[in-house]
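**Q** Here you go, coords_37.pdb (PDB, C-alpha atoms, pLDDT in the B column):
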MODEL        1
ATOM      1  CA  MET A   1       0.000   0.000   0.000  1.00 91.00           C
ATOM      2  CA  LEU A   2       1.292   3.433  -0.959  1.00 95.00           C
ATOM      3  CA  ILE A   3       0.652   6.248   1.536  1.00 96.00           C
ATOM      4  CA  LEU A   4       1.879   9.732   0.681  1.00 97.00           C
ATOM      5  CA  GLY A   5       1.215  12.999   2.458  1.00 97.00           C
ATOM      6  CA  PHE A   6       2.261  16.494   3.439  1.00 98.00           C
ATOM      7  CA  PRO A   7       1.094  19.295   5.781  1.00 98.00           C
ATOM      8  CA  ALA A   8      -0.985  21.818   3.842  1.00 97.00           C
ATOM      9  CA  GLY A   9      -1.408  25.550   4.390  1.00 95.00           C
ATOM     10  CA  VAL A  10      -1.084  27.688   7.490  1.00 96.00           C
ATOM     11  CA  PHE A  11      -3.065  25.154   9.524  1.00 96.00           C
ATOM     12  CA  GLY A  12      -0.608  22.329   8.802  1.00 97.00           C
ATOM     13  CA  THR A  13      -3.405  19.944   7.883  1.00 98.00           C
ATOM     14  CA  ASN A  14      -2.050  16.566   6.842  1.00 98.00           C
ATOM     15  CA  THR A  15      -3.274  15.827   3.324  1.00 98.00           C
ATOM     16  CA  TYR A  16      -2.899  12.226   2.183  1.00 98.00           C
ATOM     17  CA  VAL A  17      -2.858  10.189  -1.013  1.00 98.00           C
ATOM     18  CA  LEU A  18      -3.618   6.490  -0.659  1.00 97.00           C
ATOM     19  CA  ALA A  19      -3.172   3.844  -3.361  1.00 96.00           C
ATOM     20  CA  GLU A  20      -2.424   0.149  -3.811  1.00 94.00           C
ATOM     21  CA  GLY A  21       0.860   1.181  -5.438  1.00 95.00           C
ATOM     22  CA  PRO A  22       2.414   3.380  -8.145  1.00 97.00           C
ATOM     23  CA  GLY A  23       0.501   3.554 -11.397  1.00 97.00           C
ATOM     24  CA  ALA A  24      -2.819   2.756  -9.711  1.00 97.00           C
ATOM     25  CA  GLY A  25      -6.008   4.519  -8.745  1.00 98.00           C
ATOM     26  CA  CYS A  26      -5.834   6.578  -5.569  1.00 98.00           C
ATOM     27  CA  VAL A  27      -7.931   8.219  -2.895  1.00 98.00           C
ATOM     28  CA  ILE A  28      -7.216  11.707  -1.545  1.00 98.00           C
ATOM     29  CA  ILE A  29      -7.891  12.346   2.145  1.00 98.00           C
ATOM     30  CA  ASP A  30      -8.451  15.837   3.610  1.00 98.00           C
ATOM     31  CA  PRO A  31      -7.256  18.220   0.869  1.00 98.00           C
ATOM     32  CA  GLY A  32      -6.208  21.155   3.029  1.00 97.00           C
ATOM     33  CA  GLN A  33      -5.477  24.773   2.252  1.00 97.00           C
ATOM     34  CA  ARG A  34      -3.409  25.264  -0.924  1.00 96.00           C
ATOM     35  CA  SER A  35      -2.953  21.498  -1.299  1.00 97.00           C
ATOM     36  CA  LEU A  36      -3.931  21.196  -4.975  1.00 97.00           C
ATOM     37  CA  GLU A  37      -0.442  21.873  -6.323  1.00 96.00           C
ATOM     38  CA  GLY A  38       1.224  19.399  -3.962  1.00 97.00           C
ATOM     39  CA  LEU A  39      -1.413  16.780  -4.693  1.00 97.00           C
ATOM     40  CA  SER A  40      -1.020  17.269  -8.432  1.00 97.00           C
ATOM     41  CA  ASP A  41       2.720  16.742  -8.077  1.00 97.00           C
ATOM     42  CA  LEU A  42       2.303  13.499  -6.099  1.00 97.00           C
ATOM     43  CA  VAL A  43      -0.312  12.181  -8.504  1.00 97.00           C
ATOM     44  CA  ALA A  44       1.877  12.880 -11.548  1.00 97.00           C
ATOM     45  CA  ARG A  45       5.117  11.644  -9.961  1.00 97.00           C
ATOM     46  CA  HIS A  46       3.602   8.291  -8.959  1.00 98.00           C
ATOM     47  CA  ARG A  47       1.390   7.952 -12.060  1.00 98.00           C
ATOM     48  CA  LEU A  48      -1.798   7.813 -10.011  1.00 98.00           C
ATOM     49  CA  GLU A  49      -5.421   8.281 -11.017  1.00 98.00           C
ATOM     50  CA  PRO A  50      -7.603   9.913  -8.317  1.00 98.00           C
ATOM     51  CA  GLU A  51     -10.966   8.227  -7.861  1.00 98.00           C
ATOM     52  CA  ALA A  52     -12.383   9.856  -4.725  1.00 98.00           C
ATOM     53  CA  VAL A  53     -11.825  12.450  -2.018  1.00 98.00           C
ATOM     54  CA  LEU A  54     -12.613  11.522   1.594  1.00 98.00           C
ATOM     55  CA  LEU A  55     -13.038  14.097   4.372  1.00 98.00           C
ATOM     56  CA  THR A  56     -12.473  12.997   7.968  1.00 98.00           C
ATOM     57  CA  HIS A  57     -14.697  15.862   9.137  1.00 97.00           C
ATOM     58  CA  GLY A  58     -16.136  19.176   8.046  1.00 96.00           C
ATOM     59  CA  HIS A  59     -13.748  21.695   9.596  1.00 96.00           C
ATOM     60  CA  MET A  60     -12.551  24.187   6.996  1.00 96.00           C
ATOM     61  CA  ASP A  61      -8.854  23.303   7.268  1.00 96.00           C
ATOM     62  CA  HIS A  62      -9.685  19.748   6.131  1.00 97.00           C
ATOM     63  CA  THR A  63     -12.158  20.739   3.400  1.00 97.00           C
ATOM     64  CA  TRP A  64     -10.377  23.792   1.956  1.00 97.00           C
ATOM     65  CA  ASP A  65      -9.361  22.409  -1.435  1.00 97.00           C
ATOM     66  CA  ALA A  66     -12.143  19.835  -1.802  1.00 97.00           C
ATOM     67  CA  VAL A  67     -13.797  21.978  -4.481  1.00 97.00           C
ATOM     68  CA  PRO A  68     -10.748  22.475  -6.757  1.00 97.00           C
ATOM     69  CA  VAL A  69      -9.455  18.924  -6.217  1.00 98.00           C
ATOM     70  CA  GLY A  70     -12.869  17.401  -6.917  1.00 97.00           C
ATOM     71  CA  ALA A  71     -13.167  19.534 -10.049  1.00 97.00           C
ATOM     72  CA  ARG A  72      -9.623  18.887 -11.292  1.00 97.00           C
ATOM     73  CA  TYR A  73     -10.066  15.122 -11.212  1.00 97.00           C
ATOM     74  CA  ASP A  74     -13.862  14.941 -11.611  1.00 97.00           C
ATOM     75  CA  VAL A  75     -14.264  12.666  -8.580  1.00 98.00           C
ATOM     76  CA  PRO A  76     -16.849  12.408  -5.770  1.00 97.00           C
ATOM     77  CA  VAL A  77     -16.138  13.947  -2.356  1.00 98.00           C
ATOM     78  CA  TYR A  78     -17.360  12.015   0.695  1.00 98.00           C
ATOM     79  CA  VAL A  79     -18.214  13.486   4.109  1.00 98.00           C
ATOM     80  CA  HIS A  80     -20.323  12.178   6.976  1.00 97.00           C
ATOM     81  CA  THR A  81     -23.943  13.338   6.898  1.00 96.00           C
ATOM     82  CA  ALA A  82     -23.605  15.105  10.257  1.00 96.00           C
ATOM     83  CA  ASP A  83     -20.811  17.373   8.944  1.00 96.00           C
ATOM     84  CA  ARG A  84     -22.182  18.016   5.468  1.00 96.00           C
ATOM     85  CA  PHE A  85     -23.492  21.439   6.514  1.00 94.00           C
ATOM     86  CA  MET A  86     -19.938  22.700   7.152  1.00 94.00           C
ATOM     87  CA  VAL A  87     -18.290  21.866   3.841  1.00 95.00           C
ATOM     88  CA  GLY A  88     -19.500  24.842   1.821  1.00 93.00           C
ATOM     89  CA  ALA A  89     -19.735  27.230   4.780  1.00 93.00           C
ATOM     90  CA  PRO A  90     -16.380  27.302   6.589  1.00 90.00           C
ATOM     91  CA  ALA A  91     -17.516  29.442   9.545  1.00 92.00           C
ATOM     92  CA  ARG A  92     -20.008  26.777  10.577  1.00 88.00           C
ATOM     93  CA  GLY A  93     -18.773  24.474  13.282  1.00 86.00           C
ATOM     94  CA  LEU A  94     -16.193  26.988  14.515  1.00 90.00           C
ATOM     95  CA  PRO A  95     -16.294  29.120  17.686  1.00 90.00           C
ATOM     96  CA  ASP A  96     -17.989  32.502  17.261  1.00 89.00           C
ATOM     97  CA  ASP A  97     -14.724  34.287  18.032  1.00 91.00           C
ATOM     98  CA  PHE A  98     -12.703  32.456  15.353  1.00 92.00           C
ATOM     99  CA  PRO A  99     -10.720  35.094  13.376  1.00 93.00           C
ATOM    100  CA  ALA A 100     -12.624  35.792  10.168  1.00 92.00           C
ATOM    101  CA  HIS A 101      -9.472  36.649   8.212  1.00 93.00           C
ATOM    102  CA  LEU A 102      -8.313  33.029   8.526  1.00 94.00           C
ATOM    103  CA  LEU A 103     -11.294  31.966   6.408  1.00 94.00           C
ATOM    104  CA  GLU A 104     -10.401  34.217   3.481  1.00 93.00           C
ATOM    105  CA  GLY A 105      -9.817  32.230   0.300  1.00 92.00           C
ATOM    106  CA  HIS A 106     -11.969  29.231   1.212  1.00 93.00           C
ATOM    107  CA  PRO A 107     -14.213  28.410  -1.792  1.00 93.00           C
ATOM    108  CA  ASN A 108     -17.399  28.824   0.310  1.00 93.00           C
ATOM    109  CA  ALA A 109     -19.105  26.258  -1.912  1.00 94.00           C
ATOM    110  CA  ASP A 110     -19.913  22.573  -1.927  1.00 95.00           C
ATOM    111  CA  PRO A 111     -17.978  20.320  -4.313  1.00 95.00           C
ATOM    112  CA  SER A 112     -20.176  19.373  -7.250  1.00 92.00           C
ATOM    113  CA  GLY A 113     -19.761  15.675  -6.439  1.00 91.00           C
ATOM    114  CA  LEU A 114     -20.427  15.877  -2.692  1.00 96.00           C
ATOM    115  CA  ARG A 115     -21.759  12.599  -1.294  1.00 95.00           C
ATOM    116  CA  ALA A 116     -22.836  11.718   2.224  1.00 93.00           C
ATOM    117  CA  VAL A 117     -21.478   8.855   4.317  1.00 94.00           C
ATOM    118  CA  ASP A 118     -24.088   7.738   6.825  1.00 91.00           C
ATOM    119  CA  GLY A 119     -24.230   5.440   9.807  1.00 84.00           C
ATOM    120  CA  ASP A 120     -21.616   4.195  12.246  1.00 88.00           C
ATOM    121  CA  ARG A 121     -19.641   1.987   9.843  1.00 91.00           C
ATOM    122  CA  THR A 122     -19.767   2.440   6.072  1.00 93.00           C
ATOM    123  CA  THR A 123     -17.444   0.986   3.437  1.00 95.00           C
ATOM    124  CA  VAL A 124     -16.330   3.253   0.613  1.00 95.00           C
ATOM    125  CA  ARG A 125     -14.941   1.287  -2.327  1.00 95.00           C
ATOM    126  CA  ALA A 126     -12.513   3.224  -4.517  1.00 96.00           C
ATOM    127  CA  ALA A 127      -9.131   2.722  -6.178  1.00 95.00           C
ATOM    128  CA  GLY A 128      -9.292  -1.024  -5.514  1.00 94.00           C
ATOM    129  CA  LEU A 129      -9.522  -0.392  -1.760  1.00 95.00           C
ATOM    130  CA  ASP A 130     -12.243  -1.064   0.777  1.00 95.00           C
ATOM    131  CA  ILE A 131     -12.104   1.886   3.160  1.00 96.00           C
ATOM    132  CA  GLU A 132     -14.160   1.664   6.345  1.00 96.00           C
ATOM    133  CA  ALA A 133     -15.555   5.038   7.433  1.00 97.00           C
ATOM    134  CA  LEU A 134     -15.973   4.634  11.194  1.00 97.00           C
ATOM    135  CA  HIS A 135     -18.104   7.314  12.819  1.00 97.00           C
ATOM    136  CA  THR A 136     -16.675   8.756  16.035  1.00 97.00           C
ATOM    137  CA  GLY A 137     -18.263  12.165  16.457  1.00 96.00           C
ATOM    138  CA  GLY A 138     -16.851  13.903  19.505  1.00 95.00           C
ATOM    139  CA  HIS A 139     -14.546  16.339  17.707  1.00 96.00           C
ATOM    140  CA  THR A 140     -17.316  17.376  15.336  1.00 96.00           C
ATOM    141  CA  PRO A 141     -20.703  15.654  15.058  1.00 96.00           C
ATOM    142  CA  GLY A 142     -19.655  13.917  11.835  1.00 96.00           C
ATOM    143  CA  SER A 143     -16.015  13.100  12.548  1.00 97.00           C
ATOM    144  CA  ILE A 144     -14.922   9.765  11.107  1.00 97.00           C
ATOM    145  CA  VAL A 145     -11.738   7.724  11.113  1.00 98.00           C
ATOM    146  CA  LEU A 146     -10.837   5.766   7.994  1.00 98.00           C
ATOM    147  CA  HIS A 147      -9.603   2.194   8.347  1.00 97.00           C
ATOM    148  CA  VAL A 148      -7.782   0.572   5.429  1.00 96.00           C
ATOM    149  CA  GLN A 149      -6.244  -2.871   5.146  1.00 86.00           C
ATOM    150  CA  GLY A 150      -3.909  -3.682   2.287  1.00 75.00           C
ATOM    151  CA  GLY A 151      -1.300  -6.058   3.672  1.00 75.00           C
ATOM    152  CA  GLU A 152      -1.129  -3.738   6.661  1.00 83.00           C
ATOM    153  CA  SER A 153      -3.629  -1.952   8.842  1.00 92.00           C
ATOM    154  CA  ALA A 154      -3.782   1.849   8.630  1.00 96.00           C
ATOM    155  CA  LEU A 155      -6.063   4.335  10.333  1.00 97.00           C
ATOM    156  CA  PHE A 156      -6.536   7.927   9.142  1.00 98.00           C
ATOM    157  CA  THR A 157      -7.830   9.656  12.241  1.00 98.00           C
ATOM    158  CA  GLY A 158      -8.344  13.279  11.227  1.00 97.00           C
ATOM    159  CA  ASP A 159      -8.623  15.309  14.420  1.00 97.00           C
ATOM    160  CA  ALA A 160     -10.168  12.511  16.494  1.00 97.00           C
ATOM    161  CA  LEU A 161      -6.797  11.080  17.589  1.00 97.00           C
ATOM    162  CA  LEU A 162      -3.368  12.685  17.242  1.00 97.00           C
ATOM    163  CA  ALA A 163       0.088  11.415  18.169  1.00 96.00           C
ATOM    164  CA  GLY A 164       0.132  11.510  21.965  1.00 95.00           C
ATOM    165  CA  ALA A 165      -3.201  13.246  22.372  1.00 95.00           C
ATOM    166  CA  LEU A 166      -6.935  12.786  22.099  1.00 94.00           C
ATOM    167  CA  GLY A 167      -8.541  15.191  19.640  1.00 93.00           C
ATOM    168  CA  ARG A 168     -10.009  18.449  20.907  1.00 93.00           C
ATOM    169  CA  THR A 169     -13.616  18.357  22.073  1.00 93.00           C
ATOM    170  CA  ASP A 170     -14.047  21.933  23.302  1.00 91.00           C
ATOM    171  CA  GLY A 171     -15.497  23.326  20.054  1.00 89.00           C
ATOM    172  CA  PRO A 172     -19.114  23.422  18.850  1.00 90.00           C
ATOM    173  CA  GLY A 173     -20.526  19.901  18.792  1.00 89.00           C
ATOM    174  CA  GLY A 174     -17.603  18.502  20.788  1.00 91.00           C
ATOM    175  CA  ASP A 175     -18.191  15.640  23.229  1.00 94.00           C
ATOM    176  CA  GLU A 176     -15.217  13.955  24.917  1.00 95.00           C
ATOM    177  CA  ARG A 177     -17.227  11.080  26.348  1.00 95.00           C
ATOM    178  CA  ARG A 178     -18.639  10.251  22.927  1.00 95.00           C
ATOM    179  CA  LEU A 179     -15.205  10.444  21.287  1.00 96.00           C
ATOM    180  CA  ARG A 180     -13.629   8.126  23.860  1.00 95.00           C
ATOM    181  CA  SER A 181     -16.479   5.640  23.565  1.00 94.00           C
ATOM    182  CA  ALA A 182     -16.294   5.567  19.758  1.00 95.00           C
ATOM    183  CA  LEU A 183     -12.497   5.244  19.657  1.00 96.00           C
ATOM    184  CA  ASN A 184     -12.775   2.400  22.156  1.00 95.00           C
ATOM    185  CA  ARG A 185     -15.337   0.631  19.979  1.00 94.00           C
ATOM    186  CA  HIS A 186     -13.461   1.076  16.715  1.00 95.00           C
ATOM    187  CA  CYS A 187      -9.805   0.893  17.768  1.00 94.00           C
ATOM    188  CA  ALA A 188      -9.684  -1.712  20.528  1.00 92.00           C
ATOM    189  CA  PRO A 189     -10.151  -4.670  18.105  1.00 92.00           C
ATOM    190  CA  LEU A 190      -7.341  -3.505  15.773  1.00 94.00           C
ATOM    191  CA  PRO A 191      -3.774  -4.871  15.936  1.00 93.00           C
ATOM    192  CA  ASP A 192      -0.958  -3.062  17.754  1.00 94.00           C
ATOM    193  CA  THR A 193       0.838  -2.612  14.438  1.00 95.00           C
ATOM    194  CA  THR A 194      -1.930  -0.407  12.993  1.00 96.00           C
ATOM    195  CA  ALA A 195      -0.321   2.741  11.612  1.00 97.00           C
ATOM    196  CA  ILE A 196      -2.088   5.942  12.623  1.00 97.00           C
ATOM    197  CA  HIS A 197      -2.015   8.891  10.235  1.00 98.00           C
ATOM    198  CA  PRO A 198      -3.525  11.890  12.038  1.00 98.00           C
ATOM    199  CA  GLY A 199      -4.887  15.152  10.683  1.00 97.00           C
ATOM    200  CA  HIS A 200      -2.036  17.159  12.199  1.00 98.00           C
ATOM    201  CA  GLY A 201       1.460  16.327  13.387  1.00 97.00           C
ATOM    202  CA  ASP A 202       3.503  13.155  13.106  1.00 97.00           C
ATOM    203  CA  PRO A 203       2.287   9.619  12.407  1.00 97.00           C
ATOM    204  CA  THR A 204       2.155   7.140  15.246  1.00 97.00           C
ATOM    205  CA  THR A 205       1.035   3.571  15.908  1.00 97.00           C
ATOM    206  CA  LEU A 206      -1.807   2.078  17.860  1.00 96.00           C
ATOM    207  CA  ARG A 207       0.755   0.396  20.105  1.00 96.00           C
ATOM    208  CA  ALA A 208       2.213   3.782  21.088  1.00 96.00           C
ATOM    209  CA  GLU A 209      -1.201   5.333  21.676  1.00 97.00           C
ATOM    210  CA  ARG A 210      -2.343   2.400  23.809  1.00 96.00           C
ATOM    211  CA  ARG A 211       0.443   3.186  26.271  1.00 94.00           C
ATOM    212  CA  LEU A 212      -1.120   6.612  26.783  1.00 93.00           C
ATOM    213  CA  HIS A 213      -4.796   5.745  26.331  1.00 94.00           C
ATOM    214  CA  PRO A 214      -5.790   2.457  28.030  1.00 91.00           C
ATOM    215  CA  PHE A 215      -9.282   2.642  26.532  1.00 91.00           C
ATOM    216  CA  LEU A 216      -7.733   1.813  23.126  1.00 94.00           C
ATOM    217  CA  ARG A 217      -6.387  -1.564  24.322  1.00 89.00           C
ATOM    218  CA  PRO A 218      -7.933  -4.881  23.199  1.00 87.00           C
ATOM    219  CA  GLU A 219      -9.099  -5.720  26.726  1.00 81.00           C
ATOM    220  CA  ALA A 220     -11.156  -2.527  26.682  1.00 71.00           C
ATOM    221  CA  ALA A 221     -13.190  -3.642  23.656  1.00 67.00           C
ATOM    222  CA  PRO A 222     -16.919  -3.798  24.376  1.00 65.00           C
ATOM    223  CA  ALA A 223     -18.272  -7.295  24.903  1.00 53.00           C
ATOM    224  CA  SER A 224     -19.991  -8.855  21.882  1.00 48.00           C
ATOM    225  CA  ALA A 225     -23.740  -9.158  22.045  1.00 39.00           C
ATOM    226  CA  GLY A 226     -25.289 -12.598  22.054  1.00 33.00           C
TER     227      GLY A 226
ENDMDL
END
For this file, produce the structure as structure tokens.
**A**
Amino acid sequence: MLILGFPAGVFGTNTYVLAEGPGAGCVIIDPGQRSLEGLSDLVARHRLEPEAVLLTHGHMDHTWDAVPVGARYDVPVYVHTADRFMVGAPARGLPDDFPAHLLEGHPNADPSGLRAVDGDRTTVRAAGLDIEALHTGGHTPGSIVLHVQGGESALFTGDALLAGALGRTDGPGGDERRLRSALNRHCAPLPDTTAIHPGHGDPTTLRAERRLHPFLRPEAAPASAG
């Protein structure tokens, strides 16, 4: 599995490209501010063909270039239903005192191919990959983490889980208890070797995060019904 990425714009949002390998279809995750040029370079250098854009949540720093990227490659853009209202209106979902000048330049429009991901666990099939969109909420109402298996287990966590820290829950729609419960449900069954690619900062592993967050450990998984 080929995973490429870089921090985009003044917010340092990690923008990712995911593919089975060079010369294949690919999925773009969280096209941040001024990411189109960097994405175009990665796509051309590795001979990739974008097939979809996935948004881990609706905050403007993760949706900024969804419109131009979706248009450049004529691909659908997926976001959870609960965060759809933010995508074309960047001030939504932010604190009232958020500096307005930091929103200047956002397209303020929905991508033409915007599609909703619904439910707690939905599989998006694109670029030869089965990508599980696991709903966490907690950071925003529609926050999701994306689980991919392709010879290895990888989790794209957006702002729900960062290296060494739980995602922020003090903004509009935030709920720490809900975020912890969802991460427990979705992450506890995964192997220690799962690579975590967060929305900001350095990558980490589930093993490293379990040392800091016991609720992510396998023994913390909820008991199966039945």
**Q** Using all atoms listed in the file, which residues sit within 12 Å of Gly151 of chain A once same-chain residues fewer than 6 positions away are excluded, as a list in words?
**A**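 The neighbour list is Met1, Leu2, Glu20, Gly21, Leu129, Thr193, Thr194 and Ala195 of chain A.
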**Q** Can you list, as a ChimeraX atom specification, every protein, DNA or RNA residue that comes within 9 Å of Gly9 of chain A when you count all atoms listed in the file, leaving out same-chain residues fewer than 5 positions away?
**A** /A:32-35,61
**Q** Do you know which residues the PyMOL selection byres ((chain A and resi 57) around 8) returns on this file, as a list in words?
**A**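 In the shown coordinates, the PyMOL selection byres ((chain A and resi 57) around 8) covers Leu55, Thr56, Gly58, His59, His62, Thr63, Val79, His80, Asp83, Thr140, Gly142, Ser143, Ile144 and Gly158 of chain A.
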**Q** May I ask for the distance between atom CA of Leu54 of chain A and atom CA of Gly23 of chain A, given in Å to one decimal place?
**A**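 Between these atoms lies a distance of 20.1 Å.
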**Q** Expand the PyMOL selection byres ((chain A and resi 89) around 10) into the explicit residue set it covers here, and present it as a list of chain:residue names.
**A** A:Gly58, A:His59, A:Met60, A:Arg84, A:Phe85, A:Met86, A:Val87, A:Gly88, A:Pro90, A:Ala91, A:Arg92, A:Gly93, A:Leu103, A:His106, A:Pro107, A:Asn108, A:Ala109, A:Asp110
**Q** Neighbouring residues of Gln149 of chain A were defined as those with any atom within 8 Å, considering only C-alpha atoms; residues of the same chain fewer than 5 positions away were excluded. Please report them as a PyMOL selection string.
**A** chain A and resi 130-131+154
**Q** Which is closer to Asp97 of chain A than all the others in A:Pro198, A:Pro189, A:Gly171, A:Tyr73, using all atoms listed in the file?
**A**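 Closest residue, counting all atoms listed in the file: A:Gly171.
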**Q** Expand the PyMOL selection byres ((chain A and resi 19) around 12) into the explicit residue set it covers here, and present it as a PyMOL selection string.
**A** chain A and resi 1-5+16-18+20-29+42-43+46-52+126-131+148-150
**Q** Please determine, counting all atoms listed in the file, which residue among A:Thr81, A:Thr122, A:Thr157, A:Thr136 has the shortest atom-to-atom distance to Pro203 of chain A.
**A**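 Comparing A:Thr81, A:Thr122, A:Thr157, A:Thr136 against Pro203 of chain A, the winner is A:Thr157.
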**Q** Can you tell me which residues surround segment 212-219 of chain A at a distance of at most 10 Å, considering only C-alpha atoms, apart from same-chain residues fewer than 6 positions away, and format the answer as a count of residues only?
**A** 18
**Q** Using only C-alpha atoms, pick whichever of A:Pro141, A:Gly119, A:Pro111, A:Gly167 has the shortest atom-to-atom distance to Val67 of chain A.
**A**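 Using only C-alpha atoms, the shortest distance to Val67 of chain A belongs to A:Pro111.
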**Q** Using all atoms listed in the file, which residue out of A:Val145, A:Pro7, A:Asp30, A:His135 lies closest to Asp202 of chain A?
**A** A:Pro7
**Q** When you draw a straight line from atom CA of Leu134 of chain A to atom CA of Asp120 of chain A, how long is it in Å?
**A**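 Result for atom CA of Leu134 of chain A versus atom CA of Asp120 of chain A: 5.8 Å, one decimal.
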**Q** Work out how far atom CA of Leu162 of chain A is from atom CA of Gly12 of chain A, in Å to one decimal.
**A** 13.1 Å
**Q** With only C-alpha atoms as the counted atoms, please give the residues lying no more than 9 Å from Gly70 of chain A, apart from itself and same-chain residues fewer than 2 positions off, as a PyMOL selection string.
**A** chain A and resi 52-53+65-68+72-77+111-114
**Q** With 8 Å on each side, where is the centre of the axis-aligned box around all listed atoms of segment 151-162 of chain A, and how long are its edges in Å to one decimal, as AutoDock Vina command-line options?
**A**
--center_x -5.6 --center_y 4.6 --center_z 10.6 --size_x 25.0 --size_y 37.4 --size_z 29.9
